[in-house]
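Engineer: Here you go, start10.cif (mmCIF, C-alpha atoms):
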data_structure
loop_
_atom_site.label_atom_id
_atom_site.label_comp_id
_atom_site.auth_asym_id
_atom_site.auth_seq_id
_atom_site.Cartn_x
_atom_site.Cartn_y
_atom_site.Cartn_z
CA ALA I 1 198.89 189.35 27.45
CA SER I 2 196.12 186.91 26.75
CA SER I 3 195.64 183.19 27.22
CA GLY I 4 194.39 180.99 24.45
CA GLY I 5 193.96 177.45 25.67
CA GLU I 6 195.74 174.58 24.06
CA ARG I 7 196.57 176.56 20.91
CA TRP I 8 198.49 178.92 23.16
CA PHE I 9 200.97 176.21 24.04
CA THR I 10 201.36 173.98 20.99
CA LEU I 11 204.36 174.24 18.74
CA THR I 12 202.11 175.07 15.80
CA ALA I 13 201.12 178.23 17.62
CA MET I 14 204.66 179.42 17.09
CA ALA I 15 203.91 179.94 13.41
CA PRO I 16 203.11 183.58 12.55
CA ALA I 17 199.60 184.57 11.64
CA GLU I 18 200.61 185.58 8.15
CA LEU I 19 200.67 182.73 5.66
CA SER I 20 202.90 182.68 2.65
CA ASN I 21 200.86 182.00 -0.49
CA GLY I 22 197.89 181.27 1.76
CA ALA I 23 199.27 177.96 3.00
CA VAL I 24 202.82 177.69 4.33
CA PRO I 25 203.70 179.70 7.48
CA ALA I 26 206.38 182.28 6.78
CA VAL I 27 209.53 181.88 8.88
CA PRO I 28 211.74 184.95 9.33
CA SER I 29 215.33 184.68 8.19
CA GLN I 30 217.97 184.08 10.83
CA GLU I 31 219.88 187.18 9.74
CA LEU I 32 216.85 189.44 10.14
CA ALA I 33 215.90 187.92 13.49
CA GLU I 34 219.43 188.27 14.86
CA LYS I 35 219.65 191.85 13.61
CA ALA I 36 216.31 192.72 15.19
CA LEU I 37 217.45 191.15 18.47
CA GLN I 38 220.69 193.13 18.50
CA GLU I 39 218.95 196.42 17.68
CA SER I 40 216.22 195.94 20.27
CA ARG I 41 218.81 195.24 22.95
CA GLU I 42 220.83 198.30 21.98
CA LYS I 43 217.66 200.40 22.27
CA GLN I 44 216.60 198.59 25.46
CA ASP I 45 213.31 197.82 23.73
CA GLN I 46 212.10 194.78 25.66
CA ARG I 47 208.94 194.30 23.62
CA GLY I 48 211.03 194.32 20.47
CA GLU I 49 213.52 191.98 22.13
CA VAL I 50 210.92 189.38 23.00
CA ARG I 51 209.46 189.53 19.47
CA ALA I 52 212.93 189.02 18.01
CA LEU I 53 213.63 186.10 20.34
CA GLU I 54 210.35 184.46 19.35
CA ASP I 55 211.23 184.95 15.67
CA LEU I 56 214.66 183.45 16.27
CA LEU I 57 213.02 180.53 18.04
CA LYS I 58 210.90 179.89 14.92
CA VAL I 59 214.05 179.93 12.80
CA HIS I 60 215.80 177.43 15.04
CA LEU I 61 212.75 175.16 15.10
CA GLU I 62 212.62 175.27 11.30
CA GLN I 63 216.31 174.33 11.23
CA GLY I 64 215.79 171.53 13.76
CA TYR I 65 218.11 173.11 16.34
CA LEU I 66 216.21 172.21 19.50
CA SER I 67 218.92 173.26 21.96
CA GLN I 68 219.02 176.75 20.49
CA ALA I 69 215.22 176.94 20.41
CA ILE I 70 215.05 175.98 24.08
CA HIS I 71 217.62 178.68 24.85
CA ASP I 72 215.55 181.24 22.90
CA ALA I 73 212.39 180.30 24.80
CA LYS I 74 214.12 180.62 28.18
CA GLU I 75 215.61 183.99 27.22
CA ALA I 76 212.16 185.18 26.08
CA ALA I 77 210.71 184.01 29.39
CA ALA I 78 213.28 186.13 31.25
CA VAL I 79 212.32 189.21 29.22
CA TYR I 80 208.64 188.57 29.98
CA VAL I 81 209.56 188.53 33.67
CA ALA I 82 211.15 191.96 33.27
CA LEU I 83 207.99 193.13 31.52
CA GLY I 84 205.79 191.80 34.31
CA ASP I 85 203.99 189.56 31.82
CA THR I 86 203.43 186.28 33.66
CA LEU I 87 201.32 184.69 30.93
CA GLY I 88 204.10 185.31 28.42
CA GLN I 89 206.64 183.89 30.85
CA VAL I 90 204.59 180.73 31.36
CA LYS I 91 204.05 180.32 27.63
CA GLN I 92 207.77 180.35 26.90
CA LEU I 93 208.77 178.14 29.85
CA HIS I 94 206.11 175.61 28.89
CA LEU I 95 207.29 175.65 25.31
CA ALA I 96 210.87 175.11 26.50
CA ALA I 97 209.67 172.08 28.51
CA GLN I 98 207.86 170.63 25.49
CA LEU I 99 210.94 171.11 23.31
CA ALA I 100 213.17 169.53 25.95
CA LEU I 101 210.86 166.50 26.03
CA ARG I 102 211.11 166.27 22.26
CA GLN I 103 214.89 166.54 22.50
CA GLY I 104 215.09 163.41 24.64
CA SER I 105 217.31 162.20 27.45
CA PRO I 106 218.39 163.58 29.85
CA PHE I 107 214.99 164.90 30.86
CA ASP I 108 215.98 167.00 33.87
CA LYS I 109 215.85 170.13 31.70
CA ALA I 110 212.25 169.35 30.74
CA VAL I 111 211.34 168.88 34.39
CA ALA I 112 213.02 172.14 35.42
CA CYS I 113 211.27 174.15 32.71
CA ALA I 114 207.87 172.58 33.41
CA GLU I 115 208.25 173.16 37.16
CA ALA I 116 209.22 176.78 36.52
CA ALA I 117 206.18 177.22 34.27
CA ARG I 118 203.88 175.74 36.90
CA SER I 119 205.42 177.86 39.66
CA ALA I 120 204.99 181.07 37.68
CA GLN I 121 201.48 180.09 36.64
CA SER I 122 200.43 179.55 40.25
CA THR I 123 200.96 183.27 40.86
CA CYS I 124 198.82 184.31 37.89
CA ALA I 125 195.13 184.95 38.50
CA ASP I 126 194.51 185.12 34.73
CA ALA I 127 195.57 181.52 34.05
CA SER I 128 192.61 179.52 32.76
CA ILE I 129 191.83 176.01 33.96
CA GLU I 130 192.80 174.64 30.56
CA ASP I 131 196.15 176.43 30.60
CA GLN I 132 196.88 175.03 34.07
CA VAL I 133 195.94 171.52 33.00
CA LEU I 134 198.20 171.65 29.94
CA VAL I 135 201.20 172.71 32.00
CA LEU I 136 200.49 169.99 34.58
CA GLN I 137 200.24 167.37 31.84
CA THR I 138 203.61 168.41 30.48
CA LEU I 139 205.05 168.36 34.00
CA SER I 140 203.68 164.85 34.47
CA ALA I 141 205.17 163.67 31.18
CA ALA I 142 208.54 165.20 32.08
CA HIS I 143 208.61 163.55 35.51
CA LEU I 144 207.67 160.17 34.04
CA ALA I 145 210.33 160.45 31.35
CA ASN I 146 212.83 161.37 34.07
CA GLY I 147 211.95 158.27 36.10
CA ALA I 148 209.95 160.02 38.83
CA ALA I 149 206.64 158.15 38.62
CA LYS I 150 205.25 159.40 41.95
CA GLU I 151 205.74 163.02 40.94
CA ALA I 152 204.26 162.24 37.51
CA LEU I 153 201.20 160.72 39.16
CA ALA I 154 200.75 163.73 41.46
CA ALA I 155 200.86 166.20 38.55
CA ALA I 156 198.50 164.15 36.40
CA SER I 157 196.08 163.67 39.29
CA ARG I 158 196.01 167.41 39.94
CA ALA I 159 195.36 168.01 36.24
CA ARG I 160 192.42 165.63 36.34
CA GLU I 161 191.01 167.27 39.47
CA LEU I 162 190.96 170.63 37.68
CA CYS I 163 189.03 169.07 34.77
CA GLN I 164 186.40 167.29 36.81
CA ASP I 165 182.87 168.69 37.05
CA GLN I 166 183.56 170.88 34.02
CA GLU I 167 181.19 170.75 31.04
CA ASP I 168 183.57 172.32 28.53
CA GLU I 169 184.33 169.78 25.78
CA GLU I 170 187.98 170.78 25.57
CA LEU I 171 188.38 170.15 29.29
CA LEU I 172 186.75 166.74 28.87
CA ARG I 173 189.46 165.93 26.34
CA CYS I 174 192.05 167.23 28.77
CA GLU I 175 190.61 164.98 31.47
CA ALA I 176 190.95 161.97 29.17
CA VAL I 177 194.59 162.83 28.51
CA SER I 178 195.17 163.30 32.24
CA LEU I 179 193.72 159.85 32.89
CA LEU I 180 196.15 158.37 30.39
CA ARG I 181 199.00 160.17 32.17
CA ILE I 182 197.74 158.69 35.45
CA SER I 183 197.60 155.25 33.85
CA GLY I 184 201.19 155.51 32.65
CA ALA I 185 202.43 156.60 36.07
CA GLN I 186 200.51 153.85 37.86
CA ALA I 187 201.92 151.26 35.48
CA LYS I 188 205.44 152.53 36.16
CA LEU I 189 204.75 152.24 39.88
CA GLY I 190 203.65 148.63 39.39
CA ASP I 191 199.96 149.15 40.17
CA LEU I 192 198.58 147.53 37.02
CA GLU I 193 195.01 147.37 38.33
CA ALA I 194 194.92 151.13 38.89
CA ALA I 195 196.63 151.71 35.54
CA LEU I 196 194.04 149.64 33.68
CA SER I 197 191.20 151.36 35.54
CA ALA I 198 192.48 154.83 34.60
CA ALA I 199 192.98 153.78 30.98
CA SER I 200 189.45 152.37 30.89
CA ASP I 201 188.05 155.61 32.32
CA ALA I 202 189.94 157.57 29.65
CA GLN I 203 188.51 155.36 26.92
CA GLU I 204 184.96 155.75 28.24
CA LEU I 205 185.34 159.49 28.47
CA SER I 206 186.67 159.69 24.91
CA ALA I 207 183.83 157.50 23.66
CA SER I 208 181.26 159.75 25.33
CA MET I 209 182.53 162.68 23.25
CA ALA I 210 182.48 160.79 19.94
#
Starting from the file, give its structure as structure tokens.

Structural biologist:
Amino acid sequence: ASSGGERWFTLTAMAPAELSNGAVPAVPSQELAEKALQESREKQDQRGEVRALEDLLKVHLEQGYLSQAIHDAKEAAAVYVALGDTLGQVKQLHLAAQLALRQGSPFDKAVACAEAARSAQSTCADASIEDQVLVLQTLSAAHLANGAAKEALAAASRARELCQDQEDEELLRCEAVSLLRISGAQAKLGDLEAALSAASDAQELSASMA
């Protein structure tokens, strides 16, 4: 498995590489995806199974069925565990957390998925700094949405620490986002001075990259 930075984790990355008519991402049919999943399980083909689950996830996203898509991502993560593919496991758990955030309250599912992604990632020597930061940012957002501002602040602060003293432009952007997460958590905790300071730092950092 390979990491791929932010693109690795965004929902748009779920679109297949092939483009229909050169523009619109092709989405497999539900019937084909379900058939492929059944056949791969009958053959005990785990690589085929995870591909079918990811195709089914695309179908459910296209249909707007977030609960089913979250279920698909968690099932794919379990198959990646069986395959010994930690990066694949983290990718799917992180995606499940993002989808659960999009789904809305209650947010405990988003927290659980993000925590599982972070826990798995901590055992993976191949996880890049950017990948770690993105998972921590999602974890922070999930905690804040779930009313746990202290935990949100801790995750966002750790994300910022990983970004500091890095010259990579993408990590500078990640640091700015982490500062905004810190600002939101500080505001929720009632420390408006610290919240404004973090927001100001984020603005200055963004301006320096303009």

Engineer: For this file, the PyMOL selection byres ((chain I and resi 124) around 12) selects which residues, as a PyMOL selection string?

Structural biologist: chain I and resi 1-3+84-90+117-123+125-129+131-132

Engineer: Name the closest residue to I:Ala176 among the candidates I:Gln164, I:Ser206, I:Ser200, I:Ser140; distances are taken between atoms, counting all atoms listed in the file.

Structural biologist: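 Going through I:Gln164, I:Ser206, I:Ser200, I:Ser140 one by one, the smallest distance to I:Ala176 is for I:Ser206.
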
Engineer: Tell me which of I:Lys58, I:Arg51, I:Arg102, I:His94 sits closest to I:Leu139, counting only C-alpha atoms.

Structural biologist: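 Comparing I:Lys58, I:Arg51, I:Arg102, I:His94 against I:Leu139, the winner is I:His94.
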
Engineer: Pick the closest to I:Cys174 from I:Gln137, I:Ser197, I:Ser208, I:Gln203: which is it, counting all atoms listed in the file?

Structural biologist: I:Gln137

Engineer: Show me, as a PyMOL selection string, the residues that have an atom within 10 Å of I:Gln166 when counting all atoms listed in the file, minus same-chain residues fewer than 5 positions from it.

Structural biologist: chain I and resi 129+161+171-172+175

Engineer: Please produce an output containing C-alpha atoms for each residue in the selection, written as a PDB file, in the coordinates of the input.

Structural biologist:
ATOM      1  CA  ILE I 129     191.830 176.010  33.960  1.00  0.00           C
ATOM      2  CA  GLU I 161     191.010 167.270  39.470  1.00  0.00           C
ATOM      3  CA  LEU I 171     188.380 170.150  29.290  1.00  0.00           C
ATOM      4  CA  LEU I 172     186.750 166.740  28.870  1.00  0.00           C
ATOM      5  CA  GLU I 175     190.610 164.980  31.470  1.00  0.00           C
TER       6      GLU I 175
END

Engineer: Report as a list of chain:residue names the residues that result from applying the PyMOL selection byres ((chain I and resi 156) around 6) to the structure here.

Structural biologist: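 For this structure, the PyMOL selection byres ((chain I and resi 156) around 6) resolves to I:Gln137, I:Ser140, I:Leu153, I:Ala154, I:Ala155, I:Ser157, I:Arg158, I:Ala159, I:Ser178, I:Arg181, I:Ile182.
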
Engineer: Atom CA of I:Ala112 to atom CA of I:Leu95: how many Å, to one decimal?

Structural biologist: 12.1 Å

Engineer: Go ahead and compute the interatomic distance for atom CA of I:Asn146 and atom CA of I:Leu101, in Å to one decimal.

Structural biologist: 9.7 Å

Engineer: For atom CA of I:Val79 and atom CA of I:Ser105, quote the distance in Å rounded to one decimal.

Structural biologist: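 Separation of atom CA of I:Val79 and atom CA of I:Ser105: 27.5 Å.
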
Engineer: For this file, the PyMOL selection byres ((chain I and resi 31-43) around 8) selects which residues, as a PyMOL selection string?

Structural biologist: chain I and resi 28-30+44-46+48-49+52-53+55-56

Engineer: Those residues with C-alpha atoms, as a PDB file, keeping the file's coordinate frame please?

Structural biologist:
ATOM      1  CA  PRO I  28     211.740 184.950   9.330  1.00  0.00           C
ATOM      2  CA  SER I  29     215.330 184.680   8.190  1.00  0.00           C
ATOM      3  CA  GLN I  30     217.970 184.080  10.830  1.00  0.00           C
ATOM      4  CA  GLN I  44     216.600 198.590  25.460  1.00  0.00           C
ATOM      5  CA  ASP I  45     213.310 197.820  23.730  1.00  0.00           C
ATOM      6  CA  GLN I  46     212.100 194.780  25.660  1.00  0.00           C
ATOM      7  CA  GLY I  48     211.030 194.320  20.470  1.00  0.00           C
ATOM      8  CA  GLU I  49     213.520 191.980  22.130  1.00  0.00           C
ATOM      9  CA  ALA I  52     212.930 189.020  18.010  1.00  0.00           C
ATOM     10  CA  LEU I  53     213.630 186.100  20.340  1.00  0.00           C
ATOM     11  CA  ASP I  55     211.230 184.950  15.670  1.00  0.00           C
ATOM     12  CA  LEU I  56     214.660 183.450  16.270  1.00  0.00           C
TER      13      LEU I  56
END

Engineer: Please determine, counting only C-alpha atoms, which residue among I:Leu192, I:Ala185, I:Ala96, I:Val177 has the shortest atom-to-atom distance to I:Gln68.

Structural biologist: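 Checking each candidate against I:Gln68, we get I:Ala96 as the closest.
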
Engineer: Quick one: everything within 6 Å of I:Ala195, counting only C-alpha atoms, minus sequence neighbours fewer than 5 positions away in the same chain. Send it as a PyMOL selection string.

Structural biologist: chain I and resi 183+186-187
